[in-house]
>>> print(open('entry-v9.tsv').read())   # TSV, C-alpha atoms
chain	number	residue	atom	x	y	z
A	278	MET	CA	134.81	3.26	152.91
A	279	ARG	CA	132.08	3.57	155.52
A	280	THR	CA	128.49	2.48	154.88
A	281	TYR	CA	125.77	3.95	157.08
A	282	LEU	CA	122.87	1.58	157.75
A	283	ASP	CA	121.40	2.97	160.99
A	284	TYR	CA	118.77	5.44	159.81
A	285	ASN	CA	116.42	4.56	162.68
A	286	ALA	CA	119.02	5.97	165.08
A	287	THR	CA	119.35	9.18	163.09
A	288	ALA	CA	119.07	10.18	159.45
A	289	PRO	CA	121.65	12.34	157.67
A	290	LEU	CA	120.76	16.03	157.48
A	291	ARG	CA	118.78	16.81	154.34
A	292	THR	CA	120.09	19.47	151.97
A	293	GLU	CA	116.81	21.36	152.35
A	294	ALA	CA	117.20	21.43	156.13
A	295	ARG	CA	120.82	22.53	155.93
A	296	ALA	CA	119.93	25.41	153.61
A	297	ALA	CA	117.09	26.56	155.86
A	298	MET	CA	119.33	26.43	158.92
A	299	ILE	CA	122.16	28.37	157.30
A	300	ALA	CA	119.70	31.08	156.26
A	301	ALA	CA	118.23	31.19	159.78
A	302	MET	CA	121.67	31.71	161.30
A	303	ASP	CA	121.76	35.19	159.80
A	304	VAL	CA	118.53	36.23	161.54
A	305	VAL	CA	119.69	37.86	164.75
A	306	GLY	CA	116.47	38.75	166.56
A	307	ASN	CA	114.85	37.10	169.56
A	308	PRO	CA	111.48	35.75	168.34
A	309	SER	CA	109.75	37.21	171.39
A	310	SER	CA	110.88	40.75	170.55
A	311	VAL	CA	108.35	43.02	168.83
A	312	TYR	CA	110.75	45.02	166.62
A	313	ALA	CA	111.69	44.04	163.06
A	314	GLU	CA	114.55	41.67	163.89
A	315	GLY	CA	112.40	39.81	166.40
A	316	ARG	CA	109.51	39.60	163.98
A	317	ALA	CA	111.85	38.12	161.37
A	318	ALA	CA	112.92	35.39	163.74
A	319	LYS	CA	109.31	34.78	164.74
A	320	GLY	CA	108.42	34.55	161.09
A	321	LEU	CA	110.88	31.69	160.58
A	322	ILE	CA	109.28	29.79	163.46
A	323	GLU	CA	105.77	30.33	162.12
A	324	THR	CA	106.82	29.24	158.64
A	325	ALA	CA	108.26	26.05	160.09
A	326	ARG	CA	105.16	25.54	162.22
A	327	ALA	CA	103.00	25.71	159.10
A	328	GLN	CA	105.35	23.33	157.27
A	329	VAL	CA	105.28	20.72	160.03
A	330	ALA	CA	101.52	21.09	160.39
A	331	GLU	CA	100.90	20.56	156.70
A	332	ALA	CA	103.27	17.58	156.56
A	333	VAL	CA	101.58	15.86	159.50
A	334	GLY	CA	98.02	16.78	158.52
A	335	ALA	CA	97.30	19.28	161.27
A	336	SER	CA	96.81	23.03	161.61
A	337	GLY	CA	99.60	25.39	162.61
A	338	ALA	CA	98.00	26.14	165.96
A	339	ASP	CA	98.30	22.44	166.84
A	340	VAL	CA	102.12	22.38	166.68
A	341	VAL	CA	104.26	22.95	169.78
A	342	PHE	CA	108.02	22.86	169.22
A	343	THR	CA	110.16	21.07	171.82
A	344	SER	CA	113.75	19.92	172.20
A	345	GLY	CA	112.84	16.53	170.77
A	346	ALA	CA	110.45	13.60	171.05
A	347	THR	CA	111.54	12.80	174.61
A	348	GLU	CA	110.47	16.21	175.92
A	349	ALA	CA	107.29	16.07	173.85
A	350	ALA	CA	106.49	12.64	175.32
A	351	ALA	CA	106.91	13.98	178.85
A	352	LEU	CA	104.65	16.93	178.07
A	353	ALA	CA	101.96	14.65	176.62
A	354	LEU	CA	102.14	11.83	179.15
A	355	ALA	CA	103.20	13.13	182.57
A	356	GLY	CA	100.61	12.54	185.27
A	357	ARG	CA	98.01	10.98	182.96
A	358	GLY	CA	98.39	7.34	184.03
A	359	LEU	CA	97.96	5.98	180.51
A	360	LYS	CA	98.39	2.32	179.62
A	361	ALA	CA	100.78	1.12	176.93
A	362	ALA	CA	102.65	-1.97	175.79
A	363	PRO	CA	106.21	-2.85	176.87
A	364	ILE	CA	107.39	-2.33	173.28
A	365	GLU	CA	107.21	1.47	173.59
A	366	HIS	CA	110.34	3.61	173.44
A	367	ASP	CA	111.91	4.49	176.79
A	368	ALA	CA	110.65	8.07	176.42
A	369	VAL	CA	107.09	6.72	176.60
A	370	HIS	CA	107.75	3.70	178.81
A	371	ALA	CA	108.89	6.02	181.61
A	372	TRP	CA	105.43	7.61	181.93
A	373	VAL	CA	102.95	4.76	181.37
A	374	ASP	CA	101.72	1.50	182.82
A	375	PRO	CA	103.25	-1.01	180.36
A	376	CYS	CA	100.52	-3.60	180.75
A	377	LEU	CA	98.96	-3.92	177.30
A	378	PRO	CA	99.49	-7.35	175.73
A	379	VAL	CA	101.25	-7.91	172.40
A	380	VAL	CA	99.93	-10.71	170.20
A	381	ASP	CA	101.88	-11.60	167.03
A	382	GLY	CA	103.41	-8.13	167.06
A	383	ALA	CA	100.11	-6.28	167.43
A	384	VAL	CA	99.33	-4.37	170.62
A	385	GLN	CA	95.89	-5.12	172.04
A	386	VAL	CA	94.34	-1.78	173.05
A	387	ILE	CA	91.21	-2.19	175.15
A	388	ASP	CA	90.63	1.46	176.13
A	389	PRO	CA	92.01	3.80	173.44
A	390	ALA	CA	91.19	6.97	175.42
A	391	GLY	CA	93.33	5.71	178.29
A	392	SER	CA	96.21	4.39	176.20
A	393	ALA	CA	99.34	5.36	174.28
A	394	LEU	CA	100.51	3.43	171.21
A	395	GLN	CA	103.45	3.99	168.89
A	396	LEU	CA	102.95	4.18	165.14
A	397	ALA	CA	106.06	2.11	164.45
A	398	ASN	CA	108.73	0.43	166.53
A	399	SER	CA	112.31	1.62	166.23
A	400	GLU	CA	113.87	-1.79	166.88
A	401	THR	CA	111.67	-4.08	164.79
A	402	GLY	CA	109.97	-1.70	162.37
A	403	ILE	CA	106.57	-3.23	163.17
A	404	VAL	CA	103.78	-0.78	162.33
A	405	GLN	CA	100.71	-0.64	164.57
A	406	GLU	CA	97.12	0.09	163.58
A	407	LEU	CA	96.14	3.10	165.67
A	408	PRO	CA	92.59	2.85	167.04
A	409	GLN	CA	90.25	5.82	166.81
A	410	GLY	CA	90.14	7.77	170.04
A	411	LEU	CA	93.69	6.87	171.07
A	412	ALA	CA	95.07	9.32	173.63
A	413	VAL	CA	98.70	9.62	172.48
A	414	SER	CA	100.90	8.19	169.73
A	415	ASP	CA	104.65	8.32	169.21
A	416	ILE	CA	104.98	8.74	165.44
A	417	THR	CA	108.72	9.40	165.57
A	418	GLN	CA	109.81	6.39	163.49
A	419	GLY	CA	106.81	6.28	161.17
A	420	PHE	CA	106.57	9.90	160.06
A	421	GLY	CA	107.72	10.33	156.47
A	422	ARG	CA	108.01	6.56	155.94
A	423	VAL	CA	104.40	5.36	156.19
A	424	PRO	CA	101.19	7.31	155.53
A	425	PHE	CA	99.87	9.26	158.50
A	426	SER	CA	97.67	12.31	158.97
A	427	PHE	CA	96.63	13.83	162.27
A	428	SER	CA	93.38	14.89	160.63
A	429	TRP	CA	92.18	11.33	160.01
A	430	ALA	CA	94.09	9.28	162.58
A	431	GLY	CA	91.68	10.11	165.39
A	432	VAL	CA	94.49	10.46	167.96
A	433	GLY	CA	94.45	13.04	170.72
A	434	MET	CA	98.16	13.92	170.56
A	435	VAL	CA	101.20	12.79	168.59
A	436	PHE	CA	104.87	13.68	168.77
A	437	LEU	CA	107.92	13.37	166.55
A	438	SER	CA	111.62	14.22	166.34
A	439	ALA	CA	113.29	16.03	163.44
A	440	HIS	CA	116.50	14.03	163.21
A	441	LYS	CA	114.65	10.83	162.30
A	442	PHE	CA	113.54	12.29	158.95
A	443	GLY	CA	116.56	14.37	157.99
A	444	GLY	CA	116.17	17.40	160.21
A	445	PRO	CA	118.64	18.51	162.89
A	446	LYS	CA	119.08	16.81	166.26
A	447	GLY	CA	117.65	18.49	169.34
A	448	VAL	CA	114.27	19.63	168.03
A	449	GLY	CA	110.87	17.94	167.89
A	450	ALA	CA	107.19	18.73	168.16
A	451	LEU	CA	104.03	17.79	170.00
A	452	ILE	CA	100.89	17.94	167.88
A	453	MET	CA	97.62	18.48	169.72
A	454	PRO	CA	94.38	20.38	169.07
A	455	GLN	CA	94.48	24.02	170.06
A	456	GLY	CA	92.78	24.51	173.41
A	457	THR	CA	93.76	21.10	174.80
A	458	ASP	CA	94.06	21.31	178.57
A	459	LEU	CA	97.68	20.36	179.14
A	460	PRO	CA	99.86	22.01	181.81
A	461	ALA	CA	103.32	23.21	180.84
A	462	GLN	CA	106.28	21.24	182.17
A	463	ILE	CA	108.78	24.02	181.49
A	464	LYS	CA	107.51	27.34	182.87
A	465	GLY	CA	108.85	30.81	182.32
A	466	GLY	CA	108.24	33.32	179.56
A	467	GLY	CA	105.27	31.51	178.05
A	468	GLN	CA	106.70	30.77	174.62
A	469	GLU	CA	105.06	28.19	172.33
A	470	MET	CA	101.56	29.34	173.24
A	471	GLY	CA	102.32	28.88	176.92
A	472	ARG	CA	103.03	25.18	176.47
A	473	ARG	CA	106.81	25.25	176.62
A	474	SER	CA	108.73	28.26	177.87
A	475	GLY	CA	112.24	29.18	176.79
A	476	THR	CA	113.62	31.04	173.79
A	477	GLU	CA	112.94	28.91	170.73
A	478	ASN	CA	115.79	27.25	168.83
A	479	VAL	CA	115.08	29.18	165.65
A	480	VAL	CA	117.81	27.55	163.56
A	481	ALA	CA	116.81	23.98	164.43
A	482	ILE	CA	113.09	24.72	164.06
A	483	ALA	CA	113.69	26.14	160.57
A	484	GLY	CA	115.57	22.96	159.67
A	485	MET	CA	112.78	20.77	161.01
A	486	GLY	CA	110.18	22.56	158.93
A	487	ALA	CA	112.15	22.20	155.71
A	488	ALA	CA	112.92	18.54	156.44
A	489	ALA	CA	109.25	17.77	157.16
A	490	VAL	CA	108.19	19.14	153.79
A	491	ALA	CA	110.86	17.16	151.96
A	492	ALA	CA	110.14	13.96	153.88
A	493	GLN	CA	106.43	14.09	153.10
A	494	ALA	CA	107.17	14.79	149.43
A	495	ASP	CA	109.45	11.74	149.23
A	496	LEU	CA	106.77	9.55	150.78
A	497	ALA	CA	104.11	10.85	148.40
A	498	ALA	CA	106.43	10.16	145.47
A	499	GLY	CA	106.71	6.51	146.48
A	500	LYS	CA	110.45	6.62	147.07
A	501	TRP	CA	110.29	4.26	150.07
A	502	ASP	CA	108.97	1.45	147.86
A	503	ARG	CA	112.47	0.96	146.49
A	504	VAL	CA	113.87	0.91	150.02
A	505	ALA	CA	111.46	-1.89	150.92
A	506	GLU	CA	112.77	-3.84	147.93
A	507	LEU	CA	116.33	-3.38	149.20
A	508	ARG	CA	115.28	-4.52	152.68
A	509	ASN	CA	113.85	-7.70	151.14
A	510	ILE	CA	116.99	-8.27	149.07
A	511	LEU	CA	119.05	-7.97	152.25
A	512	GLU	CA	116.90	-10.46	154.17
A	513	ASN	CA	116.89	-12.96	151.32
A	514	ALA	CA	120.69	-12.79	151.10
A	515	ILE	CA	121.09	-13.28	154.86
A	516	GLU	CA	118.59	-16.14	154.93
A	517	ALA	CA	120.36	-17.90	152.07
A	518	THR	CA	123.54	-18.24	154.15
A	519	GLU	CA	122.08	-18.67	157.67
A	520	ASN	CA	118.80	-20.53	157.81
A	521	ARG	CA	118.59	-20.28	161.60
A	522	THR	CA	118.17	-16.52	161.45
A	523	ILE	CA	114.84	-15.17	162.69
A	524	PHE	CA	113.50	-12.04	160.98
A	525	VAL	CA	111.47	-10.27	163.65
A	526	GLY	CA	108.07	-9.07	162.50
A	527	LYS	CA	108.43	-10.43	158.98
A	528	GLY	CA	104.78	-11.47	158.95
A	529	CYS	CA	103.63	-8.03	160.13
A	530	GLU	CA	103.40	-4.67	158.42
A	531	ARG	CA	106.81	-3.10	158.89
A	532	LEU	CA	108.59	0.12	158.08
A	533	PRO	CA	110.00	-0.21	154.56
A	534	ASN	CA	113.56	0.34	155.71
A	535	THR	CA	113.88	-1.82	158.83
A	536	SER	CA	115.20	-5.35	159.29
A	537	CYS	CA	115.71	-6.78	162.76
A	538	PHE	CA	117.15	-10.28	162.59
A	539	VAL	CA	118.21	-12.69	165.28
A	540	THR	CA	121.01	-15.25	165.02
A	541	PRO	CA	120.81	-17.26	168.25
A	542	GLY	CA	124.10	-17.51	170.10
A	543	TRP	CA	125.82	-14.57	168.36
A	544	LYS	CA	125.36	-11.53	170.55
A	545	GLY	CA	124.07	-8.45	168.87
A	546	GLU	CA	126.72	-6.17	170.37
A	547	THR	CA	129.43	-8.51	169.08
A	548	GLN	CA	127.90	-8.33	165.62
A	549	VAL	CA	127.77	-4.52	165.79
A	550	MET	CA	131.47	-4.32	166.66
A	551	ALA	CA	132.45	-6.82	163.96
A	552	MET	CA	130.51	-4.93	161.29
A	553	ASP	CA	131.83	-1.60	162.52
A	554	LEU	CA	135.38	-2.83	162.03
A	555	ALA	CA	134.37	-3.89	158.54
A	556	GLY	CA	133.04	-0.40	157.77
A	557	PHE	CA	129.31	-0.73	158.41
A	558	ALA	CA	127.26	1.30	160.92
A	559	VAL	CA	124.40	-0.82	162.29
A	560	SER	CA	122.93	-1.34	165.75
A	561	ALA	CA	121.68	-3.96	168.16
A	562	GLY	CA	118.48	-2.03	168.93
A	563	SER	CA	117.35	1.43	169.95
A	564	ALA	CA	120.15	4.01	169.87
A	565	CYS	CA	119.01	5.20	173.32
A	566	SER	CA	119.88	1.76	174.72
A	567	SER	CA	123.22	1.39	172.96
A	568	GLY	CA	126.03	0.34	175.25
A	569	LYS	CA	123.69	-0.75	178.03
A	570	VAL	CA	124.14	-4.37	179.05
A	571	LYS	CA	120.54	-5.51	178.99
A	572	VAL	CA	118.27	-7.63	176.85
A	573	SER	CA	115.71	-5.76	174.75
A	574	ARG	CA	112.35	-5.73	176.51
A	575	VAL	CA	110.80	-5.07	173.08
A	576	LEU	CA	112.03	-8.41	171.77
A	577	ARG	CA	111.15	-10.19	174.98
A	578	ALA	CA	107.60	-8.82	174.67
A	579	LEU	CA	107.49	-10.40	171.21
A	580	ASP	CA	108.10	-13.82	172.80
A	581	LEU	CA	111.79	-14.17	171.96
A	582	ASN	CA	113.73	-15.91	174.70
A	583	GLU	CA	116.63	-14.19	176.43
A	584	THR	CA	119.30	-15.76	174.23
A	585	GLU	CA	117.43	-14.79	171.07
A	586	ALA	CA	116.72	-11.28	172.26
A	587	ALA	CA	120.41	-10.77	173.04
A	588	SER	CA	121.35	-11.90	169.52
A	589	ALA	CA	119.49	-9.27	167.49
A	590	LEU	CA	120.93	-6.96	164.88
A	591	ARG	CA	119.02	-4.02	163.41
A	592	VAL	CA	119.76	-2.75	159.93
A	593	SER	CA	117.82	0.36	158.88
A	594	LEU	CA	118.16	1.74	155.38
A	595	GLY	CA	117.63	5.19	153.92
A	596	LEU	CA	116.65	6.72	150.61
A	597	GLU	CA	120.33	7.05	149.74
A	598	THR	CA	121.11	3.37	150.39
A	599	THR	CA	122.14	1.41	147.28
A	600	GLU	CA	121.78	-2.22	146.30
A	601	ASP	CA	125.56	-2.52	146.20
A	602	GLU	CA	125.79	-1.40	149.83
A	603	VAL	CA	123.11	-3.88	150.87
A	604	MET	CA	124.80	-6.77	149.07
A	605	ARG	CA	128.24	-5.89	150.45
A	606	PHE	CA	126.78	-5.83	153.93
A	607	ALA	CA	125.12	-9.22	153.46
A	608	GLN	CA	128.30	-10.75	152.06
A	609	THR	CA	130.48	-9.34	154.85
A	610	TRP	CA	128.02	-10.42	157.54
A	611	SER	CA	127.82	-13.91	156.07
A	612	GLU	CA	131.60	-14.23	155.93
A	613	LYS	CA	131.92	-13.23	159.56
A	614	ARG	CA	129.16	-15.63	160.52
A	615	ALA	CA	130.92	-18.48	158.70
A	616	ARG	CA	134.21	-17.72	160.48
A	617	ARG	CA	132.42	-17.73	163.83
A	618	ARG	CA	130.84	-21.11	163.14
A	619	ALA	CA	134.21	-22.52	162.12
A	620	ALA	CA	136.01	-21.20	165.21
>>> encode(input="entry-v9.tsv", output="structure tokens")
Amino acid sequence: MRTYLDYNATAPLRTEARAAMIAAMDVVGNPSSVYAEGRAAKGLIETARAQVAEAVGASGADVVFTSGATEAAALALAGRGLKAAPIEHDAVHAWVDPCLPVVDGAVQVIDPAGSALQLANSETGIVQELPQGLAVSDITQGFGRVPFSFSWAGVGMVFLSAHKFGGPKGVGALIMPQGTDLPAQIKGGGQEMGRRSGTENVVAIAGMGAAAVAAQADLAAGKWDRVAELRNILENAIEATENRTIFVGKGCERLPNTSCFVTPGWKGETQVMAMDLAGFAVSAGSACSSGKVKVSRVLRALDLNETEAASALRVSLGLETTEDEVMRFAQTWSEKRARRRAA
């Protein structure tokens, strides 16, 4: 029996998203066509645009659909010379000057208008306080898990990716006020209000809209509070058997589902393989860095030494995760740790 505990890499497709996508598959028209079939396809996109806008606290005209958060990041950041911290995701790190200091997990932003700052970190789960007037924020990991609204955040632009909150892979959105002066990176037919050309992925966009509504409803209902309790149960069980383990960001505000813990001397990739063989899907960090032989710059920026940073394991839970799964993971991990110490 497999147990999936890597929701920060990707979340399972929600039933609401699947239903919306199946229905969209029967709509044949090109959304740029003016006849009935085209208008039907366009209608699905506009419905999803309104759904995403409402879920994120924006207006429909603020939402530009993209192929994912990586493309949205490039659209928002290219050529702007913004500053950021080294803890940002690679999709942001590629476009910024990673010079902002990190003190006890918190990024020190001196010039919000010239800076980018993530809402939450995918590896550690640490949540940042976004300053008013911030230029850009990556809300990919935080959306649907912690409260956020574009209307009160005071951020110039934000972006997110559907598959992190139960939508399909390969679709995301950039949220920015209508009329923002931002040149298109992909030019052609002028779709998405001239921001991003190319025929829209109607099926995926429909799934994203439905998933966004469901994700926001779950957050409003307080469902992630139980997940935070499970995260704490997991950490207490691990700590009870291995007192040398470091729980990264434990003193900071974190995503309710994320535990990043370090066991010095036991490489994270080795732990991932051992737990995979035992039937558990977890990771050693960002899914985008999986398989790459390098130490996490995120953990190094948080003052972990190279040995510690190479010994991290990330467990990220979902709304479907049970206490039994958490306890079985902790027991299995502890048994494998005990065998390693005895070897």
>>> closest_residue(input="entry-v9.tsv", among="A:Ser399, A:Asn285, A:Asn307, A:Thr343", to="A:Glu469", atoms="all atoms listed in the file")
A:Thr343
>>> atom_distance(input="entry-v9.tsv", atom1="atom CA of A:Thr522", atom2="atom CA of A:Ala362")
25.7 Å
>>> atom_distance(input="entry-v9.tsv", atom1="atom CA of A:Arg577", atom2="atom CA of A:Ala412")
25.3 Å
>>> atom_distance(input="entry-v9.tsv", atom1="atom CA of A:Leu507", atom2="atom CA of A:Thr417")
22.1 Å
>>> closest_residue(input="entry-v9.tsv", among="A:Ala383, A:Ala351, A:Ala346, A:Ala497", to="A:Leu437", atoms="only C-alpha atoms")
A:Ala346
>>> residues_around(input="entry-v9.tsv", residues="A:Asp458", least_positions_apart="3", cutoff="12 Å", atoms="only C-alpha atoms", output="PyMOL selection string")
chain A and resi 352-353+357+433-434+453-455+461+471-472
>>> axis_aligned_box(input="entry-v9.tsv", around="stretch 421-425 of chain A", padding_each_side="8 Å", output="JSON")
{"center_x": 103.9, "center_y": 7.8, "center_z": 157.0, "size_x": 24.1, "size_y": 21.0, "size_z": 19.0}
>>> residues_around(input="entry-v9.tsv", residues="A:Gly526", least_positions_apart="6", cutoff="12 Å", atoms="only C-alpha atoms", output="NGL selection string")
:A and (380-383 or 397-398 or 400-405 or 532 or 535-539 or 575-576 or 579-581)
>>> closest_atom_pairs(input="entry-v9.tsv", of="stretch 396-450 of chain A", to="stretch 309-328 of chain A", cutoff="12 Å", atoms="all atoms listed in the file", output="CSV")
residue,atom,partner,partner_atom,distance
A:Ala439,CA,A:Ala325,CA,11.7
A:Gly444,CA,A:Ala325,CA,11.7
A:Val448,CA,A:Ala325,CA,11.8
A:Gly449,CA,A:Arg326,CA,11.1
A:Ala450,CA,A:Arg326,CA,9.3
>>> residues_near_point(input="entry-v9.tsv", point="(121.5, -10.2, 164.9)", cutoff="12 Å", atoms="all atoms listed in the file", output="PyMOL selection string")
chain A and resi 400-401+512+515-516+519+521-525+536-552+559-562+576+584-592+610-611+614
>>> residues_around(input="entry-v9.tsv", residues="A:Phe557", least_positions_apart="4", cutoff="9 Å", atoms="only C-alpha atoms", output="list in words")
Met278, Arg279, Thr280, Tyr281, Leu282, Val549, Ala551, Met552, Asp553 and Phe606 of chain A
>>> closest_residue(input="entry-v9.tsv", among="A:Val480, A:Ala296, A:Pro533, A:Gly466", to="A:Glu506", atoms="only C-alpha atoms")
A:Pro533
